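Enquirer: What follows is query_30.cif, mmCIF, C-alpha atoms and all ligand atoms.
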data_final
#
loop_
_atom_site.group_PDB
_atom_site.id
_atom_site.type_symbol
_atom_site.label_atom_id
_atom_site.label_comp_id
_atom_site.auth_asym_id
_atom_site.auth_seq_id
_atom_site.Cartn_x
_atom_site.Cartn_y
_atom_site.Cartn_z
ATOM 1 C CA MET R 1 87.558 108.106 109.516
ATOM 2 C CA ASP R 2 89.629 111.231 109.258
ATOM 3 C CA GLY R 3 87.412 113.402 107.105
ATOM 4 C CA ARG R 4 89.027 112.560 103.776
ATOM 5 C CA PRO R 5 86.622 111.738 100.938
ATOM 6 C CA VAL R 6 87.027 107.982 100.782
ATOM 7 C CA ASP R 7 86.432 107.430 97.083
ATOM 8 C CA LYS R 8 89.000 110.017 95.975
ATOM 9 C CA ARG R 9 91.610 108.672 98.344
ATOM 10 C CA LEU R 10 90.990 105.064 97.316
ATOM 11 C CA MET R 11 91.105 105.975 93.679
ATOM 12 C CA ARG R 12 94.389 107.796 93.988
ATOM 13 C CA THR R 13 95.945 105.087 96.122
ATOM 14 C CA SER R 14 94.752 102.269 93.920
ATOM 15 C CA ARG R 15 95.977 103.946 90.785
ATOM 16 C CA ARG R 16 99.292 104.879 92.278
ATOM 17 C CA PHE R 17 100.119 101.476 93.669
ATOM 18 C CA ASN R 18 98.259 99.466 91.083
ATOM 19 C CA LEU R 19 96.196 97.735 93.753
ATOM 20 C CA SER R 20 93.494 95.456 92.516
ATOM 21 C CA GLY R 21 90.492 96.390 94.552
ATOM 22 C CA PRO R 22 86.757 95.993 94.834
ATOM 23 C CA ALA R 23 84.421 97.087 92.078
ATOM 24 C CA LEU R 24 83.848 100.453 93.787
ATOM 25 C CA ASN R 25 87.476 101.398 93.189
ATOM 26 C CA PHE R 26 87.260 100.483 89.546
ATOM 27 C CA VAL R 27 84.114 102.501 88.973
ATOM 28 C CA THR R 28 85.609 105.489 90.788
ATOM 29 C CA ILE R 29 88.820 105.277 88.799
ATOM 30 C CA LYS R 30 86.805 105.142 85.610
ATOM 31 C CA ASN R 31 84.834 108.223 86.575
ATOM 32 C CA ILE R 32 87.853 110.294 87.451
ATOM 33 C CA ARG R 33 90.318 109.002 84.859
ATOM 34 C CA SER R 34 88.809 111.246 82.311
ATOM 35 C CA ASP R 35 90.521 109.758 79.296
ATOM 36 C CA ASN R 36 88.161 106.798 79.652
ATOM 37 C CA ASN R 37 85.197 109.159 79.351
ATOM 38 C CA VAL R 38 86.195 111.208 76.357
ATOM 39 C CA THR R 39 83.285 112.065 74.070
ATOM 40 C CA SER R 40 83.321 113.706 70.663
ATOM 41 C CA ASN R 41 81.707 116.894 72.049
ATOM 42 C CA LYS R 42 83.803 120.014 71.791
ATOM 43 C CA VAL R 43 84.130 122.469 74.682
ATOM 44 C CA ASN R 44 85.908 125.786 75.074
ATOM 45 C CA ILE R 45 88.324 126.229 77.936
ATOM 46 C CA LEU R 46 90.467 129.189 78.920
ATOM 47 C CA ILE R 47 94.089 128.692 79.816
ATOM 48 C CA SER R 48 95.895 131.741 81.147
ATOM 49 C CA GLY R 49 93.219 133.788 79.377
ATOM 50 C CA LYS R 50 93.700 132.040 76.015
ATOM 51 C CA THR R 51 90.669 130.194 74.549
ATOM 52 C CA VAL R 52 91.354 126.613 73.512
ATOM 53 C CA GLN R 53 88.939 124.152 71.957
ATOM 54 C CA ALA R 54 89.094 120.766 73.627
ATOM 55 C CA THR R 55 87.251 117.468 73.617
ATOM 56 C CA GLU R 56 84.872 117.004 76.532
ATOM 57 C CA GLY R 57 86.190 114.532 79.071
ATOM 58 C CA GLU R 58 89.853 114.567 78.089
ATOM 59 C CA THR R 59 92.319 115.782 80.684
ATOM 60 C CA ILE R 60 93.636 119.342 80.727
ATOM 61 C CA VAL R 61 97.076 118.028 79.802
ATOM 62 C CA ARG R 62 95.785 116.180 76.760
ATOM 63 C CA ALA R 63 93.762 119.192 75.694
ATOM 64 C CA LEU R 64 96.875 121.351 75.871
ATOM 65 C CA TRP R 65 98.949 118.821 73.962
ATOM 66 C CA SER R 66 96.315 118.641 71.220
ATOM 67 C CA ALA R 67 96.305 122.447 70.981
ATOM 68 C CA GLY R 68 100.115 122.568 70.725
ATOM 69 C CA LEU R 69 100.292 124.323 74.104
ATOM 70 C CA GLY R 70 101.930 121.541 76.110
ATOM 71 C CA GLY R 71 104.633 123.916 77.310
ATOM 72 C CA LEU R 72 102.144 125.853 79.441
ATOM 73 C CA VAL R 73 101.921 123.173 82.151
ATOM 74 C CA GLU R 74 104.784 121.056 83.488
ATOM 75 C CA VAL R 75 104.207 117.330 82.973
ATOM 76 C CA GLY R 76 106.111 114.410 84.414
ATOM 77 C CA CYS R 77 104.174 111.164 84.683
ATOM 78 C CA ALA R 78 100.821 112.164 83.131
ATOM 79 C CA GLY R 79 99.297 109.704 85.584
ATOM 80 C CA GLY R 80 98.770 111.557 88.860
ATOM 81 C CA VAL R 81 101.871 110.425 90.730
ATOM 82 C CA CYS R 82 104.683 112.926 90.211
ATOM 83 C CA GLY R 83 102.997 116.172 91.252
ATOM 84 C CA ALA R 84 104.471 118.230 88.386
ATOM 85 C CA CYS R 85 101.291 119.449 86.685
ATOM 86 C CA THR R 86 99.831 121.699 89.378
ATOM 87 C CA VAL R 87 97.130 124.137 88.277
ATOM 88 C CA THR R 88 94.275 126.109 89.745
ATOM 89 C CA VAL R 89 90.882 125.849 88.060
ATOM 90 C CA ARG R 90 87.678 127.867 88.031
ATOM 91 C CA PHE R 91 84.312 126.554 86.824
ATOM 92 C CA SER R 92 81.833 128.560 84.806
ATOM 93 C CA ASP R 93 78.792 127.359 86.774
ATOM 94 C CA GLY R 94 79.938 128.880 90.058
ATOM 95 C CA ARG R 95 81.095 125.628 91.676
ATOM 96 C CA PRO R 96 84.118 126.288 93.869
ATOM 97 C CA GLY R 97 87.313 125.673 91.926
ATOM 98 C CA GLY R 98 90.739 125.295 93.454
ATOM 99 C CA THR R 99 94.026 123.508 93.028
ATOM 100 C CA ASP R 100 94.293 120.335 90.985
ATOM 101 C CA LEU R 101 96.480 118.119 88.816
ATOM 102 C CA ALA R 102 96.152 118.915 85.118
ATOM 103 C CA CYS R 103 96.876 115.328 84.120
ATOM 104 C CA MET R 104 93.875 114.068 86.079
ATOM 105 C CA ARG R 105 91.245 116.778 85.748
ATOM 106 C CA PRO R 106 88.818 116.429 82.804
ATOM 107 C CA VAL R 107 88.037 119.603 80.876
ATOM 108 C CA GLU R 108 84.560 121.131 80.982
ATOM 109 C CA GLU R 109 82.869 123.898 79.039
ATOM 110 C CA GLY R 110 83.999 127.309 80.265
ATOM 111 C CA MET R 111 86.663 125.976 82.626
ATOM 112 C CA GLU R 112 89.435 128.470 83.370
ATOM 113 C CA ILE R 113 92.881 127.087 84.080
ATOM 114 C CA PHE R 114 95.860 128.844 85.588
ATOM 115 C CA PRO R 115 99.181 126.964 85.607
ATOM 116 C CA CYS R 116 100.772 127.127 89.027
ATOM 117 C CA PRO R 117 104.154 125.427 89.054
ATOM 118 C CA VAL R 118 105.517 124.935 92.566
ATOM 119 C CA GLU R 119 109.276 125.155 93.016
ATOM 120 C CA THR R 120 110.917 122.256 94.809
ATOM 121 C CA GLN R 121 112.696 122.827 98.094
ATOM 122 C CA SER R 122 115.250 120.634 99.799
ATOM 123 C CA VAL R 123 114.206 118.869 103.005
ATOM 124 C CA PRO R 124 116.429 118.985 106.141
ATOM 125 C CA ALA R 125 118.257 115.722 106.859
ATOM 126 C CA PRO R 126 116.148 113.140 108.718
ATOM 127 C CA GLN R 127 116.999 112.208 112.294
ATOM 128 C CA ALA R 128 116.664 108.839 113.963
ATOM 129 C CA ASP R 129 114.088 108.635 116.757
ATOM 130 C CA PRO R 130 112.255 111.833 115.848
ATOM 131 C CA THR R 131 110.668 113.832 118.641
ATOM 132 C CA ALA R 132 108.626 117.019 118.812
ATOM 133 C CA VAL R 133 111.800 118.850 119.879
ATOM 134 C CA LYS R 134 113.777 117.501 116.910
ATOM 135 C CA ILE R 135 111.118 118.409 114.364
ATOM 136 C CA ARG R 136 110.883 121.951 115.782
ATOM 137 C CA ALA R 137 114.650 122.319 115.447
ATOM 138 C CA ALA R 138 114.514 121.113 111.823
ATOM 139 C CA PHE R 139 111.396 123.179 111.001
ATOM 140 C CA PRO R 140 111.140 126.335 113.118
ATOM 141 C CA THR R 141 107.987 127.147 111.105
ATOM 142 C CA LEU R 142 106.023 124.276 112.679
ATOM 143 C CA ASP R 143 104.232 126.378 115.309
ATOM 144 C CA ARG R 144 103.298 129.125 112.886
ATOM 145 C CA CYS R 145 100.260 127.134 111.743
ATOM 146 C CA THR R 146 97.098 129.201 112.209
ATOM 147 C CA LYS R 147 94.809 126.210 111.485
ATOM 148 C CA CYS R 148 93.343 127.903 108.444
ATOM 149 C CA GLY R 149 92.872 124.548 106.649
ATOM 150 C CA SER R 150 93.996 125.823 103.235
ATOM 151 C CA CYS R 151 96.584 123.052 102.904
ATOM 152 C CA THR R 152 93.953 120.346 103.397
ATOM 153 C CA THR R 153 91.670 121.986 100.846
ATOM 154 C CA ALA R 154 94.498 122.331 98.324
ATOM 155 C CA CYS R 155 95.755 118.760 98.533
ATOM 156 C CA PRO R 156 94.843 116.788 95.386
ATOM 157 C CA MET R 157 95.465 113.541 97.259
ATOM 158 C CA SER R 158 92.903 114.286 99.989
ATOM 159 C CA ILE R 159 95.499 114.131 102.743
ATOM 160 C CA PRO R 160 94.320 115.742 106.036
ATOM 161 C CA VAL R 161 97.337 118.054 105.903
ATOM 162 C CA MET R 162 96.334 120.506 108.648
ATOM 163 C CA ASP R 163 95.396 117.726 111.085
ATOM 164 C CA SER R 164 98.721 116.120 110.330
ATOM 165 C CA VAL R 165 100.582 119.367 111.093
ATOM 166 C CA LEU R 166 98.838 119.390 114.486
ATOM 167 C CA ARG R 167 99.897 115.770 114.995
ATOM 168 C CA MET R 168 103.479 116.790 114.198
ATOM 169 C CA GLN R 169 103.282 119.472 116.888
ATOM 170 C CA SER R 170 102.372 116.830 119.453
ATOM 171 C CA GLY R 171 104.890 114.277 118.144
ATOM 172 C CA ASN R 172 102.279 111.768 116.929
ATOM 173 C CA PHE R 173 104.607 110.663 114.141
ATOM 174 C CA GLU R 174 103.322 107.160 113.356
ATOM 175 C CA VAL R 175 99.987 108.650 112.281
ATOM 176 C CA VAL R 176 101.742 111.453 110.377
ATOM 177 C CA ALA R 177 103.679 108.825 108.418
ATOM 178 C CA GLU R 178 100.396 107.132 107.517
ATOM 179 C CA ASP R 179 98.814 110.475 106.567
ATOM 180 C CA PHE R 180 101.551 111.213 104.063
ATOM 181 C CA THR R 181 101.715 107.751 102.498
ATOM 182 C CA THR R 182 100.047 108.983 99.312
ATOM 183 C CA CYS R 183 101.777 112.388 99.180
ATOM 184 C CA ILE R 184 103.066 113.053 95.668
ATOM 185 C CA HIS R 185 105.076 116.135 96.685
ATOM 186 C CA CYS R 186 103.249 118.436 94.368
ATOM 187 C CA GLY R 187 103.938 121.198 96.929
ATOM 188 C CA LEU R 188 100.444 122.708 96.736
ATOM 189 C CA CYS R 189 100.044 122.589 100.521
ATOM 190 C CA ARG R 190 103.178 124.719 100.863
ATOM 191 C CA PHE R 191 102.139 126.964 97.984
ATOM 192 C CA VAL R 192 98.850 127.946 99.635
ATOM 193 C CA CYS R 193 100.203 128.296 103.162
ATOM 194 C CA GLU R 194 100.378 131.986 104.052
ATOM 195 C CA ASP R 195 102.427 131.127 107.111
ATOM 196 C CA LYS R 196 105.138 129.209 105.206
ATOM 197 C CA VAL R 197 104.717 126.121 107.339
ATOM 198 C CA LYS R 198 105.949 123.613 104.664
ATOM 199 C CA PRO R 199 103.721 120.681 105.673
ATOM 200 C CA HIS R 200 104.820 118.249 102.958
ATOM 201 C CA SER R 201 108.527 118.755 103.684
ATOM 202 C CA MET R 202 107.797 118.006 107.328
ATOM 203 C CA GLY R 203 105.765 114.944 106.319
ATOM 204 C CA MET R 204 108.675 113.650 104.271
ATOM 205 C CA TRP R 205 111.091 114.389 107.134
ATOM 206 C CA VAL R 206 108.912 112.390 109.529
ATOM 207 C CA ARG R 207 108.659 109.417 107.177
ATOM 208 C CA ARG R 208 112.385 109.405 106.503
ATOM 209 C CA SER R 209 113.241 109.830 110.170
ATOM 210 C CA LEU R 210 110.998 106.921 111.186
ATOM 211 C CA GLY R 211 112.429 104.805 108.369
ATOM 212 C CA MET R 212 115.934 105.650 109.491
ATOM 213 C CA SER R 213 115.136 104.680 113.102
ATOM 214 C CA ARG R 214 113.761 101.369 111.902
ATOM 215 C CA THR R 215 116.805 100.667 109.726
ATOM 216 C CA GLU R 216 119.101 101.398 112.651
ATOM 217 C CA SER R 217 117.254 99.062 114.999
ATOM 218 C CA LEU R 218 117.174 96.356 112.314
ATOM 219 C CA ASN R 219 120.905 96.759 111.788
ATOM 220 C CA GLU R 220 121.459 96.185 115.494
ATOM 221 C CA ALA R 221 119.338 93.007 115.493
ATOM 222 C CA PRO R 222 120.964 89.683 114.516
ATOM 223 C CA GLN R 223 120.643 89.440 110.751
ATOM 224 C CA PRO R 224 119.145 86.369 109.086
ATOM 225 C CA ASP R 225 121.220 84.498 106.523
ATOM 226 C CA PHE R 226 121.202 86.072 103.093
ATOM 227 C CA CYS R 227 117.852 85.408 101.505
ATOM 228 C CA SER R 228 117.918 82.888 98.654
ATOM 229 C CA GLU R 229 115.554 83.140 95.706
ATOM 230 C CA LYS R 230 113.557 80.271 97.193
ATOM 231 C CA ASP R 231 113.270 82.056 100.543
ATOM 232 C CA ALA R 232 112.152 85.225 98.788
ATOM 233 C CA GLU R 233 109.428 83.276 97.013
ATOM 234 C CA LYS R 234 108.315 81.849 100.343
ATOM 235 C CA GLU R 235 108.208 85.355 101.807
ATOM 236 C CA TRP R 236 106.023 86.594 98.955
ATOM 237 C CA GLU R 237 103.717 83.621 99.339
ATOM 238 C CA TRP R 238 103.371 84.362 103.042
ATOM 239 C CA LEU R 239 102.880 88.094 102.496
ATOM 240 C CA LEU R 240 100.249 87.663 99.787
ATOM 241 C CA ALA R 241 97.704 85.857 101.963
ATOM 242 C CA ASP R 242 94.292 85.540 100.307
ATOM 243 C CA ASP R 243 92.422 87.060 103.227
ATOM 244 C CA SER R 244 92.895 90.838 103.006
ATOM 245 C CA GLU R 245 92.874 91.447 106.781
ATOM 246 C CA GLU R 246 95.435 88.736 107.301
ATOM 247 C CA ARG R 247 97.503 90.203 104.446
ATOM 248 C CA LEU R 248 97.544 93.650 106.110
ATOM 249 C CA CYS R 249 98.459 92.100 109.434
ATOM 250 C CA ARG R 250 101.361 90.153 107.885
ATOM 251 C CA ALA R 251 102.584 93.202 105.980
ATOM 252 C CA LYS R 252 102.604 95.183 109.244
ATOM 253 C CA THR R 253 104.589 92.475 111.031
ATOM 254 C CA PHE R 254 107.075 92.315 108.168
ATOM 255 C CA ARG R 255 107.486 96.125 108.080
ATOM 256 C CA GLU R 256 108.068 96.266 111.815
ATOM 257 C CA THR R 257 110.408 93.339 112.220
ATOM 258 C CA GLY R 258 111.918 92.857 108.764
ATOM 259 C CA ARG R 259 111.155 89.131 108.964
ATOM 260 C CA LEU R 260 108.263 86.670 108.695
HETATM 261 S S1 LIG N 301 97.845 126.252 105.244
HETATM 262 FE FE1 LIG N 301 99.550 126.564 106.690
HETATM 263 S S2 LIG N 301 98.658 127.741 108.367
HETATM 264 FE FE2 LIG N 301 96.951 126.923 107.204
HETATM 265 S S3 LIG N 301 96.450 124.988 108.278
HETATM 266 FE FE3 LIG N 301 97.889 124.485 106.624
HETATM 267 S S4 LIG N 301 99.899 124.523 107.585
HETATM 268 FE FE4 LIG N 301 98.489 125.599 108.971
HETATM 269 S S1 LIG N 302 102.642 117.935 98.626
HETATM 270 FE FE1 LIG N 302 101.008 118.642 99.979
HETATM 271 S S2 LIG N 302 99.314 119.050 98.614
HETATM 272 FE FE2 LIG N 302 100.737 117.776 97.441
HETATM 273 S S3 LIG N 302 100.058 115.670 97.793
HETATM 274 FE FE3 LIG N 302 101.592 116.121 99.372
HETATM 275 S S4 LIG N 302 100.402 116.824 101.137
HETATM 276 FE FE4 LIG N 302 99.060 116.953 99.344
HETATM 277 S S1 LIG N 303 102.118 114.951 85.367
HETATM 278 FE FE1 LIG N 303 102.615 113.793 87.133
HETATM 279 S S2 LIG N 303 100.979 114.243 88.477
HETATM 280 FE FE2 LIG N 303 100.395 115.188 86.636
#
Could you spell out this file's structure in structure tokens?
Ligand code: SF4
Ligand code: SF4
Ligand code: FES

Expert:
Amino acid sequence: MDGRPVDKRLMRTSRRFNLSGPALNFVTIKNIRSDNNVTSNKVNILISGKTVQATEGETIVRALWSAGLGGLVEVGCAGGVCGACTVTVRFSDGRPGGTDLACMRPVEEGMEIFPCPVETQSVPAPQADPTAVKIRAAFPTLDRCTKCGSCTTACPMSIPVMDSVLRMQSGNFEVVAEDFTTCIHCGLCRFVCEDKVKPHSMGMWVRRSLGMSRTESLNEAPQPDFCSEKDAEKEWEWLLADDSEERLCRAKTFRETGRL
């Protein structure tokens, strides 16, 4: 394993891609998707220093909406996938707070919330066949990383961001692409990076560059006849094998070759 808390990662991934998974995933989703755990108990929270009464267990976003303060935090999807609702939180019982998504975090008594919108930044154009030299040319900040680990701590999707930056430095791009599969581009890893390394922009660049290389090699390969509806059904049937290991193996083959 790579050090990421498994349950959080599974929960996020399952929710994002609507994967039906084992019971563990369901229980974890239920625990973290706070709107399923709303009680009638009232709690007081502080948002930007303003006291708001909220219902225990509802998400920060819902609490703000109910209080008529929705404008304080940006909201896109309200489901943990768009990365718009970035906040930092502090707990009254001394537990370490940190960065989070307001649409996913349940409110608690005494919680302090500070909206922290992260501006978007454009990503340099991807390049086919990425190398360590190419990524350094696109992102001269790559070697500034001081391995402080703040990006990994800040990531609400439990991505091993710092490790992935080190993998980028050595050109280990296939693993980087996997690391950033669940990145929602909230920008918190860039926001907390004192050295302005821009990990998520680099992660996106790597994924796009690898995708572009694959498209180019597929374009060079002889193309199959245009896929009929019947063929597409056959492909789905083949891809959705009952055995999960076999299914992963087939999906990998299909991604790599573009055919069954
Ligand atoms: S926050 Fe910046 S400097 Fe620190 S580990 Fe992450 S990328 Fe490196
Ligand atoms: S942008 Fe950074 S912090 Fe946000 S999900 Fe992606 S890697 Fe994690
Ligand atoms: S509103 Fe989209 S992640 Fe929270």

Enquirer: Extract, using only C-alpha atoms, all DNA, RNA and protein residues at most 10 Å from Gly97 in chain R, discarding same-chain residues fewer than 5 positions from it, and format them as a CSV table (one decimal) with C-alpha atoms, in the frame of the given file.

Expert:
chain,number,residue,atom,x,y,z
R,88,THR,CA,94.3,126.1,89.7
R,89,VAL,CA,90.9,125.8,88.1
R,90,ARG,CA,87.7,127.9,88.0
R,91,PHE,CA,84.3,126.6,86.8
R,92,SER,CA,81.8,128.6,84.8
R,111,MET,CA,86.7,126.0,82.6
R,112,GLU,CA,89.4,128.5,83.4
R,113,ILE,CA,92.9,127.1,84.1

Enquirer: Counting only C-alpha atoms and all ligand atoms, name the residues that have an atom within 7 Å of an atom of ligand LIG 303 (chain N); the answer should be given as number ranges by chain.

Expert: R: 74-85, 101-104

Enquirer: Would you pick out the contacts of Met162 in chain R at 7 Å or less, using only C-alpha atoms, so that residues sharing its chain but fewer than 2 positions from it are not included, and give the list as a VMD selection string?

Expert: chain R and resid 147 149 151 to 152 160 164 to 166

Enquirer: Using all atoms listed in the file, which protein or nucleic acid residues come within 9 Å of Ala138 in chain R? Drop anything in the same chain fewer than 2 positions from it, and give the result as a ChimeraX atom specification.

Expert: /R:124-126,133-136,140-141,202,205

Enquirer: Record the distance separating CA of Ser213 in chain R and CA of Pro130 in chain R, expressed in Å with one decimal.

Expert: 8.2 Å

Enquirer: Might I get the box with edges along x, y and z of the file that holds all atoms of range 138-150 of chain R listed there, padded by 6 Å on every side, given as centre and edge lengths in Å to one decimal, as lines of an AutoDock Vina configuration file?

Expert:
center_x = 103.7
center_y = 125.2
center_z = 109.3
size_x = 33.6
size_y = 20.1
size_z = 24.1

Enquirer: Take the PyMOL selection byres (((chain R and resi 186) around 10) and not hetatm), apply it to the structure above, and return the hits as a list in words.

Expert: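 Those residues are Gly80, Val81, Cys82, Gly83, Ala84, Cys85, Thr86, Asp100, Leu101, Pro117, Val118, Glu119, Thr120, Cys155, Pro156, Met157, Cys183, Ile184, His185, Gly187, Leu188, Cys189, Arg190, Phe191 and His200 of chain R.
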
Enquirer: Using all atoms listed in the file, determine which residues lie at most 8 Å from Thr55 in chain R, disregarding the query and same-chain residues fewer than 5 positions distant; provide the list as a list of chain:residue names.

Expert: R:Val38, R:Thr39, R:Ser40, R:Asn41, R:Lys42, R:Val43, R:Ala63, R:Val107

Enquirer: In terms of the shortest atom-to-atom distance over only C-alpha atoms, which of R:Ile60, R:Ala177, R:Ala137, R:Ile47 is closest to Val206 in chain R?

Expert: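 Ranking R:Ile60, R:Ala177, R:Ala137, R:Ile47 by distance to Val206 in chain R, first place goes to R:Ala177.
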
Enquirer: Let me make sure I understand: among R:Phe180, R:Phe139, R:Phe173, R:Trp236, which one has the smallest atom-to-atom distance to ligand LIG 302 (chain N) if we use only C-alpha atoms and all ligand atoms?

Expert: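 Under the stated criterion, the closest residue is R:Phe180.
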
Enquirer: Out of R:Asp179, R:Asp129, R:Asp93, R:Glu108, which residue has the shortest atom-to-atom distance to ligand LIG 302 (chain N) when counting all atoms listed in the file?

Expert: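 Closest to ligand LIG 302 (chain N), using all atoms listed in the file: R:Asp179.
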
Enquirer: Let me make sure I understand: among R:Ala128, R:Val52, R:Cys249, R:Cys193, which one has the smallest atom-to-atom distance to Trp65 in chain R if we use all atoms listed in the file?

Expert: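 Under the stated criterion, the closest residue is R:Val52.
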
Enquirer: I'd like to know which of R:Lys50, R:Arg105, R:Arg144, R:Lys198 is closest to ligand LIG 302 (chain N), using all atoms listed in the file.

Expert: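 Of R:Lys50, R:Arg105, R:Arg144, R:Lys198, the one nearest ligand LIG 302 (chain N) is R:Lys198, counting all atoms listed in the file.
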
Enquirer: When you draw a straight line from CA of Pro199 in chain R to CA of Pro115 in chain R, how long is it in Å?

Expert: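 So the two atoms, CA of Pro199 in chain R and CA of Pro115 in chain R, lie 21.5 Å apart.
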
Enquirer: May I ask for the distance between atom FE2 of ligand LIG 302 (chain N) and CA of Leu142 in chain R, given in Å to one decimal place?

Expert: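 Between atom FE2 of ligand LIG 302 (chain N) and CA of Leu142 in chain R the gap is 17.4 Å.
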
Enquirer: Choose the residue, out of R:Asp231, R:Asp143, R:Asp163, R:Glu246, that has the smallest atom-to-atom separation from ligand LIG 302 (chain N); count only C-alpha atoms and all ligand atoms.

Expert: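 The shortest atom-to-atom distance to ligand LIG 302 (chain N) comes from R:Asp163.
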
Enquirer: Kindly resolve the PyMOL selection byres (((chain R and resi 239) around 9) and not hetatm) on the present coordinates and return the residues as a PyMOL selection string.

Expert: chain R and resi 234-238+240-241+246-248+250-251+254+260

Enquirer: Would you save the residues of that selection, restricted to C-alpha atoms, as a JSON list (two decimals), in the coordinates of the input?

Expert:
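Dumped everything to part-v8.json:
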[["chain", "number", "residue", "atom", "x", "y", "z"],
["R", 234, "LYS", "CA", 108.32, 81.85, 100.34],
["R", 235, "GLU", "CA", 108.21, 85.36, 101.81],
["R", 236, "TRP", "CA", 106.02, 86.59, 98.96],
["R", 237, "GLU", "CA", 103.72, 83.62, 99.34],
["R", 238, "TRP", "CA", 103.37, 84.36, 103.04],
["R", 240, "LEU", "CA", 100.25, 87.66, 99.79],
["R", 241, "ALA", "CA", 97.70, 85.86, 101.96],
["R", 246, "GLU", "CA", 95.44, 88.74, 107.30],
["R", 247, "ARG", "CA", 97.50, 90.20, 104.45],
["R", 248, "LEU", "CA", 97.54, 93.65, 106.11],
["R", 250, "ARG", "CA", 101.36, 90.15, 107.88],
["R", 251, "ALA", "CA", 102.58, 93.20, 105.98],
["R", 254, "PHE", "CA", 107.08, 92.32, 108.17],
["R", 260, "LEU", "CA", 108.26, 86.67, 108.70]]
